[in-house]
file query08.cif (mmCIF, C-alpha atoms)
data_query
#
loop_
_atom_site.label_atom_id
_atom_site.label_comp_id
_atom_site.auth_asym_id
_atom_site.auth_seq_id
_atom_site.Cartn_x
_atom_site.Cartn_y
_atom_site.Cartn_z
CA MET A 688 0.00 0.00 0.00
CA SER A 689 2.75 2.34 0.97
CA ASN A 690 4.77 1.26 -2.13
CA LEU A 691 1.82 2.12 -4.31
CA LEU A 692 1.49 5.58 -2.67
CA ILE A 693 5.23 6.29 -3.02
CA ASN A 694 5.16 5.10 -6.69
CA SER A 695 2.17 7.31 -7.51
CA ILE A 696 3.86 10.34 -5.86
CA TYR A 697 7.09 9.57 -7.71
CA MET A 698 5.27 9.34 -11.03
CA SER A 699 3.33 12.54 -10.28
CA ILE A 700 6.56 14.44 -9.48
CA LYS A 701 8.29 12.98 -12.53
CA ASN A 702 5.44 14.13 -14.81
CA LYS A 703 5.00 17.58 -13.19
CA PRO A 704 8.08 18.97 -11.28
CA SER A 705 5.86 21.67 -9.70
CA HIS A 706 4.30 18.84 -7.65
CA LEU A 707 7.70 18.49 -5.91
CA ILE A 708 7.37 21.96 -4.44
CA MET A 709 3.81 21.27 -3.32
CA ALA A 710 4.85 17.95 -1.78
CA PHE A 711 7.65 19.77 0.08
CA PHE A 712 5.22 22.28 1.59
CA VAL A 713 2.79 19.52 2.57
CA MET A 714 5.65 17.69 4.32
CA LEU A 715 6.74 20.86 6.03
CA MET A 716 3.22 21.53 7.37
CA LEU A 717 2.88 17.97 8.61
CA PHE A 718 6.26 18.22 10.37
CA TYR A 719 5.37 21.46 12.20
CA ALA A 720 1.94 20.13 13.16
CA CYS A 721 3.52 17.09 14.79
CA LYS A 722 6.26 19.14 16.50
CA SER A 723 3.91 21.73 18.08
CA GLY A 724 1.78 18.92 19.48
CA THR A 725 4.79 17.31 21.09
CA ASP A 726 6.02 20.68 22.41
CA ARG A 727 2.66 21.52 23.96
CA LYS A 728 2.64 18.22 25.76
CA THR A 729 6.26 18.49 26.92
CA GLY A 730 5.68 22.13 28.03
CA THR A 731 2.85 21.13 30.32
CA ASP A 732 4.93 18.35 31.72
CA LYS A 733 7.84 20.77 32.38
CA LYS A 734 5.58 23.25 34.18
CA ASP A 735 4.21 20.53 36.42
CA THR A 736 7.66 19.23 37.16
CA THR A 737 8.82 22.72 38.14
CA GLN A 738 5.86 23.16 40.45
CA ILE A 739 6.49 19.82 42.04
CA SER A 740 10.16 20.57 42.51
CA GLN A 741 9.25 23.97 43.97
CA ASN A 742 6.83 22.31 46.34
CA LYS A 743 9.51 19.86 47.26
CA THR A 744 11.93 22.70 48.01
CA ASP A 745 9.37 24.54 50.14
CA LEU A 746 8.67 21.42 52.15
CA SER A 747 12.34 20.74 52.64
CA GLN A 748 12.84 24.35 53.71
CA ILE A 749 10.03 24.13 56.24
CA LYS A 750 11.44 20.89 57.52
CA ASP A 751 14.96 22.33 57.72
CA SER A 752 13.87 25.51 59.56
CA SER A 753 11.92 23.47 62.10
CA VAL A 754 14.98 21.35 62.71
CA ASN A 755 17.18 24.45 63.10
CA THR A 756 14.76 26.10 65.52
CA LYS A 757 14.72 23.00 67.63
CA GLN A 758 18.53 22.81 67.66
CA ASP A 759 18.85 26.51 68.49
CA ASP A 760 16.35 26.19 71.31
CA ILE A 761 18.41 23.45 72.86
CA ALA A 762 21.68 25.33 72.40
CA ASN A 763 20.35 28.69 73.58
CA PRO A 764 17.06 28.84 75.46
CA ALA A 765 17.08 32.68 75.42
CA LYS A 766 16.83 32.63 71.62
CA LYS A 767 13.35 31.07 71.65
CA ASP A 768 11.56 34.27 72.64
CA GLU A 769 14.38 36.59 71.43
CA LEU A 770 14.84 38.27 74.83
CA SER A 771 18.16 39.60 75.98
CA SER A 772 19.50 39.06 79.47
CA VAL A 773 21.75 41.29 81.58
CA LEU A 774 24.58 40.34 83.91
CA ILE A 775 25.87 42.84 86.45
CA TYR A 776 29.18 42.32 88.20
CA ASN A 777 30.36 44.37 91.18
CA PHE A 778 34.03 43.56 91.80
CA HIS A 779 35.91 44.68 94.90
CA VAL A 780 39.06 43.99 96.89
CA THR A 781 39.02 42.79 100.52
CA ASN A 782 39.82 46.26 101.89
CA ARG A 783 37.15 48.47 100.47
CA CYS A 784 37.09 52.26 100.17
CA PRO A 785 33.93 54.40 100.62
CA SER A 786 33.58 54.92 96.85
CA CYS A 787 33.65 51.18 96.20
CA ILE A 788 30.95 50.59 98.81
CA ALA A 789 28.92 53.49 97.41
CA ILE A 790 29.04 51.93 93.91
CA GLU A 791 27.66 48.65 95.25
CA GLU A 792 24.92 50.42 97.24
CA ALA A 793 23.88 52.60 94.30
CA THR A 794 23.75 49.54 92.03
CA THR A 795 21.49 47.75 94.54
CA LYS A 796 19.27 50.82 94.76
CA THR A 797 19.02 51.04 90.94
CA LEU A 798 18.06 47.38 90.58
CA ASN A 799 15.55 47.38 93.45
CA THR A 800 13.90 50.61 92.34
CA TYR A 801 13.67 50.08 88.59
CA PHE A 802 14.30 46.44 87.75
CA ALA A 803 12.76 44.35 90.54
CA ALA A 804 10.52 42.47 88.07
CA GLU A 805 13.39 41.64 85.70
CA MET A 806 15.50 40.47 88.65
CA LYS A 807 12.66 38.18 89.73
CA GLN A 808 12.21 36.86 86.17
CA GLY A 809 15.93 36.14 86.00
CA ARG A 810 16.52 38.44 83.03
CA ILE A 811 18.91 40.44 85.20
CA LYS A 812 21.47 38.62 87.30
CA ARG A 813 23.82 40.41 89.64
CA GLN A 814 26.92 39.20 91.43
CA ILE A 815 29.16 40.88 94.00
CA LEU A 816 32.62 39.35 93.80
CA ASN A 817 35.81 39.76 95.80
CA VAL A 818 38.74 39.76 93.35
CA ASP A 819 41.08 38.59 96.13
CA ASP A 820 39.09 35.37 96.37
CA GLU A 821 40.74 32.58 94.37
CA ALA A 822 37.31 31.29 93.29
CA ASN A 823 36.66 34.54 91.40
CA LYS A 824 40.00 34.59 89.58
CA PHE A 825 38.63 33.44 86.21
CA ILE A 826 35.75 35.90 86.02
CA SER A 827 37.95 38.76 87.33
CA GLN A 828 40.48 38.07 84.59
CA LYS A 829 37.77 37.92 81.95
CA TYR A 830 36.64 41.43 82.91
CA GLU A 831 40.20 42.63 83.68
CA ALA A 832 38.91 43.57 87.13
CA PHE A 833 41.85 43.69 89.50
CA GLY A 834 40.32 46.14 91.97
CA SER A 835 36.92 47.77 92.27
CA GLY A 836 34.85 47.50 89.14
CA LEU A 837 31.30 47.61 87.84
CA PHE A 838 30.48 45.88 84.56
CA VAL A 839 27.14 45.48 82.83
CA THR A 840 26.95 42.76 80.18
CA ARG A 841 24.15 42.17 77.70
CA ILE A 842 23.69 38.66 76.36
CA TYR A 843 21.65 38.39 73.19
CA LYS A 844 21.70 35.45 70.77
CA GLY A 845 24.85 34.21 72.44
CA LYS A 846 26.68 37.49 71.88
CA GLU A 847 28.04 39.48 74.84
CA THR A 848 28.33 43.28 74.96
CA THR A 849 29.87 44.87 78.05
CA THR A 850 29.98 48.42 79.37
CA ASP A 851 32.47 49.36 82.09
CA PHE A 852 30.90 51.67 84.68
CA THR A 853 33.86 51.76 87.07
CA GLY A 854 34.84 55.31 86.13
CA ASP A 855 31.32 56.66 86.40
CA GLY A 856 30.94 54.82 89.69
CA PHE A 857 34.00 56.40 91.25
CA LYS A 858 33.05 59.76 89.87
CA TYR A 859 29.43 59.93 90.99
CA ALA A 860 28.30 57.08 93.26
CA ARG A 861 29.32 58.67 96.56
CA ASN A 862 28.55 62.36 96.18
CA LYS A 863 26.19 62.43 93.20
CA GLU A 864 24.33 59.15 93.56
CA GLU A 865 21.21 60.21 91.61
CA LYS A 866 23.32 60.90 88.52
CA PHE A 867 25.04 57.53 88.75
CA ILE A 868 21.69 55.76 89.18
CA GLU A 869 20.36 57.57 86.10
CA ILE A 870 23.38 56.53 83.97
CA LEU A 871 23.15 52.91 85.14
CA LYS A 872 19.36 52.75 84.75
CA ASN A 873 19.54 54.03 81.16
CA LYS A 874 22.15 51.47 80.13
CA ILE A 875 20.31 48.53 81.75
CA SER A 876 17.05 49.61 80.07
CA GLU A 877 18.87 49.82 76.73
CA TYR A 878 20.39 46.36 77.24
CA LEU A 879 17.00 44.83 78.08
CA LYS A 880 15.50 45.91 74.72
CA MET B 155 64.68 103.40 102.32
CA LYS B 156 67.06 100.41 102.27
CA LYS B 157 64.53 98.50 104.40
CA ASN B 158 61.74 99.23 101.93
CA VAL B 159 63.81 97.98 98.97
CA ILE B 160 64.58 94.72 100.79
CA LEU B 161 60.89 94.31 101.62
CA LEU B 162 59.95 94.96 97.99
CA ILE B 163 62.49 92.40 96.71
CA MET B 164 61.18 89.86 99.24
CA LEU B 165 57.61 90.54 98.15
CA ILE B 166 58.42 90.09 94.42
CA THR B 167 60.43 86.90 95.10
CA GLY B 168 57.61 85.51 97.22
CA THR B 169 55.03 86.26 94.54
CA VAL B 170 57.17 84.57 91.86
CA ILE B 171 57.70 81.47 94.03
CA TYR B 172 53.98 81.36 94.87
CA ALA B 173 53.04 81.67 91.22
CA GLN B 174 55.40 78.83 90.29
CA ASN B 175 54.11 76.55 93.03
CA THR B 176 50.45 77.09 92.28
CA SER B 177 51.08 76.65 88.55
CA GLN B 178 48.99 79.55 87.32
CA ILE B 179 47.54 79.47 83.82
CA THR B 180 49.56 81.71 81.51
CA PRO B 181 49.02 82.60 77.82
CA LYS B 182 51.45 79.83 76.84
CA THR B 183 49.48 77.16 78.73
CA LYS B 184 48.17 74.57 76.31
CA LEU B 185 46.94 71.78 78.54
CA LEU B 186 45.56 71.34 82.06
CA VAL B 187 45.67 67.90 83.63
CA TYR B 188 43.42 67.81 86.69
CA TYR B 189 42.88 64.95 89.07
CA PHE B 190 40.05 65.07 91.60
CA HIS B 191 39.70 62.78 94.59
CA LEU B 192 37.79 62.28 97.85
CA THR B 193 39.41 62.54 101.29
CA SER B 194 39.13 58.76 101.73
CA ARG B 195 41.09 57.29 98.87
CA CYS B 196 41.48 53.74 97.66
CA HIS B 197 44.53 52.15 96.07
CA THR B 198 43.15 52.56 92.54
CA CYS B 199 42.56 56.28 93.03
CA THR B 200 46.07 56.96 94.37
CA ASN B 201 47.51 54.75 91.67
CA ILE B 202 45.83 56.78 88.90
CA GLU B 203 47.26 60.02 90.32
CA ALA B 204 50.75 58.56 90.73
CA THR B 205 50.80 57.05 87.24
CA THR B 206 49.48 60.23 85.63
CA LYS B 207 52.28 62.16 87.36
CA LYS B 208 54.78 59.57 86.17
CA VAL B 209 53.59 59.95 82.55
CA LEU B 210 54.00 63.73 82.77
CA ASP B 211 57.39 63.67 84.52
CA GLU B 212 58.87 61.10 82.19
CA ASN B 213 57.50 62.39 78.90
CA PHE B 214 56.55 66.04 79.28
CA LYS B 215 59.06 67.46 81.78
CA THR B 216 59.93 70.48 79.59
CA GLU B 217 56.26 71.34 79.05
CA LEU B 218 55.59 71.03 82.78
CA ASP B 219 58.53 73.26 83.74
CA SER B 220 57.67 75.89 81.17
CA GLY B 221 53.98 75.97 82.14
CA ILE B 222 52.72 74.59 78.81
CA ILE B 223 51.18 71.74 80.79
CA ILE B 224 49.76 72.26 84.27
CA PHE B 225 49.06 69.33 86.56
CA LYS B 226 46.89 69.83 89.63
CA THR B 227 45.02 67.70 92.13
CA PHE B 228 41.88 68.70 94.03
CA ASN B 229 40.11 67.21 97.02
CA VAL B 230 36.41 67.31 96.16
CA ASP B 231 35.43 67.28 99.85
CA LEU B 232 37.08 70.66 100.50
CA PRO B 233 34.74 73.68 100.28
CA GLU B 234 37.37 75.80 98.49
CA ASN B 235 37.32 73.31 95.57
CA LYS B 236 33.54 73.29 95.24
CA LYS B 237 33.45 75.67 92.26
CA ILE B 238 36.09 73.90 90.20
CA CYS B 239 34.57 70.48 91.00
CA LYS B 240 31.21 71.67 89.73
CA LYS B 241 32.81 72.99 86.55
CA TYR B 242 34.43 69.60 85.90
CA ASP B 243 31.39 67.59 87.06
CA ALA B 244 33.76 65.95 89.54
CA TYR B 245 32.06 64.49 92.62
CA GLY B 246 34.57 61.71 93.22
CA ALA B 247 37.74 60.44 91.60
CA THR B 248 37.95 62.16 88.21
CA LEU B 249 40.72 62.58 85.65
CA ALA B 250 40.13 65.40 83.19
CA VAL B 251 42.25 67.20 80.63
CA THR B 252 41.49 70.70 79.42
CA TYR B 253 42.82 71.99 76.11
CA PHE B 254 42.31 75.14 74.15
CA GLN B 255 40.91 75.09 70.64
CA SER B 256 40.50 78.36 68.72
CA GLY B 257 40.67 80.24 72.00
CA LYS B 258 37.94 78.08 73.51
CA GLU B 259 38.41 75.87 76.54
CA LYS B 260 37.48 72.21 75.99
CA ILE B 261 37.33 69.50 78.62
CA GLU B 262 37.86 65.81 78.03
CA ASP B 263 36.91 63.40 80.81
CA LEU B 264 39.33 60.48 81.05
CA THR B 265 37.88 58.91 84.21
CA ASN B 266 36.42 55.83 82.52
CA PHE B 267 39.63 55.34 80.54
CA ALA B 268 41.70 55.71 83.74
CA PHE B 269 39.72 53.25 85.85
CA SER B 270 39.45 50.66 83.10
CA LYS B 271 43.13 50.75 82.11
CA ILE B 272 45.03 51.49 85.31
CA TYR B 273 45.57 47.79 86.09
CA THR B 274 47.19 47.28 82.71
CA GLU B 275 49.71 50.06 83.38
CA PRO B 276 51.50 50.04 79.99
CA VAL B 277 48.12 50.54 78.26
CA PHE B 278 47.25 53.38 80.63
CA ILE B 279 50.64 55.05 80.14
CA SER B 280 50.67 54.81 76.34
CA GLY B 281 47.01 55.88 76.11
CA LEU B 282 47.46 58.94 78.30
CA LYS B 283 50.72 59.89 76.58
CA LEU B 284 49.03 59.73 73.19
CA LYS B 285 46.09 61.79 74.41
CA ILE B 286 48.38 64.51 75.79
CA GLN B 287 50.47 64.60 72.61
CA GLU B 288 47.28 64.93 70.57
CA HIS B 289 46.14 67.96 72.57
CA LEU B 290 49.55 69.64 72.49
CA LYS B 291 49.59 69.78 68.65
#

call {"tool": "encode", "arguments": {"input": "query08.cif", "output": "structure tokens"}}
result
Amino acid sequence: MSNLLINSIYMSIKNKPSHLIMAFFVMLMLFYACKSGTDRKTGTDKKDTTQISQNKTDLSQIKDSSVNTKQDDIANPAKKDELSSVLIYNFHVTNRCPSCIAIEEATTKTLNTYFAAEMKQGRIKRQILNVDDEANKFISQKYEAFGSGLFVTRIYKGKETTTDFTGDGFKYARNKEEKFIEILKNKISEYLK
Amino acid sequence: MKKNVILLIMLITGTVIYAQNTSQITPKTKLLVYYFHLTSRCHTCTNIEATTKKVLDENFKTELDSGIIIFKTFNVDLPENKKICKKYDAYGATLAVTYFQSGKEKIEDLTNFAFSKIYTEPVFISGLKLKIQEHLK
């Protein structure tokens, strides 16, 4: 059947060469018709595949972030609710001068007056340490506190930021206590944000 | 007459000696280094004063002798120092330097620097020396 069709086309082209051009155009049309059909089908398939892969990525991302959150929570409990915490260290030597005592008293007053709730919650922790005591050697060295000193440290997402208030303490705590309390209060409030 | 001349010479000499001892500010003064303290002093406070003096004596002796730099200490508990303490906002141990810029007096408070660096003496010395040199330019 196909031989008969090819023979008749061959004979037709042989008799009239213009039929060759017509046959070429017919072939060309048939080729494009077949190709566009295939493309349309493949295009749809591609789109679906992309969507699926996107969905896959989203799911994996969700899964990954949940895993990370869990790991971070274990490593750093403070990170869960994104709250900073504040550490306050009052360092002193065994023989204390009036200024050193005044710094400690003014710090206590500041915390009790303005930050009682945060102290209770544990967001602010305060320690009074004797630098002459062997047990406090490590922490004293960390803060380079070899005599009287007042340091306020903010801990947020595992990062520590410290402000040294020793100078302000010696300058104001004894004779201008209200000014010292104001300076300290402002910094603690800033660190709690 | 001779007696009066002797008295006059004694008076002038006394005034000159007094002026030198109290380190009065003169037109050539470029920097004032003031240290304030309470009557009851701790080791850190006395150490800051002693080390500041050491920095000046060892590095700025010429400027000190010629009155370009003036170093003074004040007890904040004494009533006669009340005015100067208020000016420098000094109610306890305070280290302040005063320099003159375009004829204007400017104060820099070095108390926090002093108390945080005094236990690492080389850092305190080099830091204060640098600060003084900067203000003398």

call {"tool": "closest_atom_pairs", "arguments": {"input": "query08.cif", "of": "chain B", "to": "chain A", "cutoff": "8 Å", "atoms": "only C-alpha atoms", "output": "Markdown table"}}
result
| residue | atom | partner | partner_atom | distance |
| --- | --- | --- | --- | --- |
| B:Ser194 | CA | A:Pro785 | CA | 6.9 |
| B:Arg195 | CA | A:Cys784 | CA | 6.6 |
| B:Cys196 | CA | A:Cys784 | CA | 5.3 |
| B:Thr198 | CA | A:Gly834 | CA | 7.0 |
| B:Ala244 | CA | A:Lys858 | CA | 6.2 |
| B:Tyr245 | CA | A:Asn862 | CA | 5.4 |
| B:Gly246 | CA | A:Lys858 | CA | 4.2 |
| B:Ala247 | CA | A:Lys858 | CA | 5.0 |
| B:Thr248 | CA | A:Lys858 | CA | 5.7 |
| B:Thr265 | CA | A:Gly854 | CA | 5.1 |
| B:Asn266 | CA | A:Gly854 | CA | 4.0 |
| B:Phe267 | CA | A:Gly854 | CA | 7.4 |
| B:Ala268 | CA | A:Gly854 | CA | 7.3 |
| B:Phe269 | CA | A:Gly854 | CA | 5.3 |
| B:Ser270 | CA | A:Thr853 | CA | 6.9 |
| B:Tyr273 | CA | A:Phe833 | CA | 6.5 |

call {"tool": "atom_distance", "arguments": {"input": "query08.cif", "atom1": "atom CA of Leu282 of chain B", "atom2": "atom CA of Val209 of chain B"}}
result
7.5 Å

call {"tool": "atom_distance", "arguments": {"input": "query08.cif", "atom1": "atom CA of Val187 of chain B", "atom2": "atom CA of Thr227 of chain B"}}
result
8.5 Å

call {"tool": "atom_distance", "arguments": {"input": "query08.cif", "atom1": "atom CA of Ile788 of chain A", "atom2": "atom CA of Glu234 of chain B"}}
result
26.0 Å

call {"tool": "resolve_selection", "arguments": {"input": "query08.cif", "expression": "the PyMOL selection byres ((chain A and resi 840) around 10)", "output": "number ranges by chain"}}
result
A: 772-776, 811-812, 838-839, 841-843, 846-851, 874-875, 878

call {"tool": "closest_residue", "arguments": {"input": "query08.cif", "among": "B:Asp231, B:Thr216, B:Leu249, B:Phe254", "to": "Ile179 of chain B", "atoms": "all atoms listed in the file"}}
result
B:Phe254

call {"tool": "resolve_selection", "arguments": {"input": "query08.cif", "expression": "the PyMOL selection byres ((chain B and resi 226) around 9)", "output": "ChimeraX atom specification"}}
result
/B:176-177,186-190,224-225,227-228
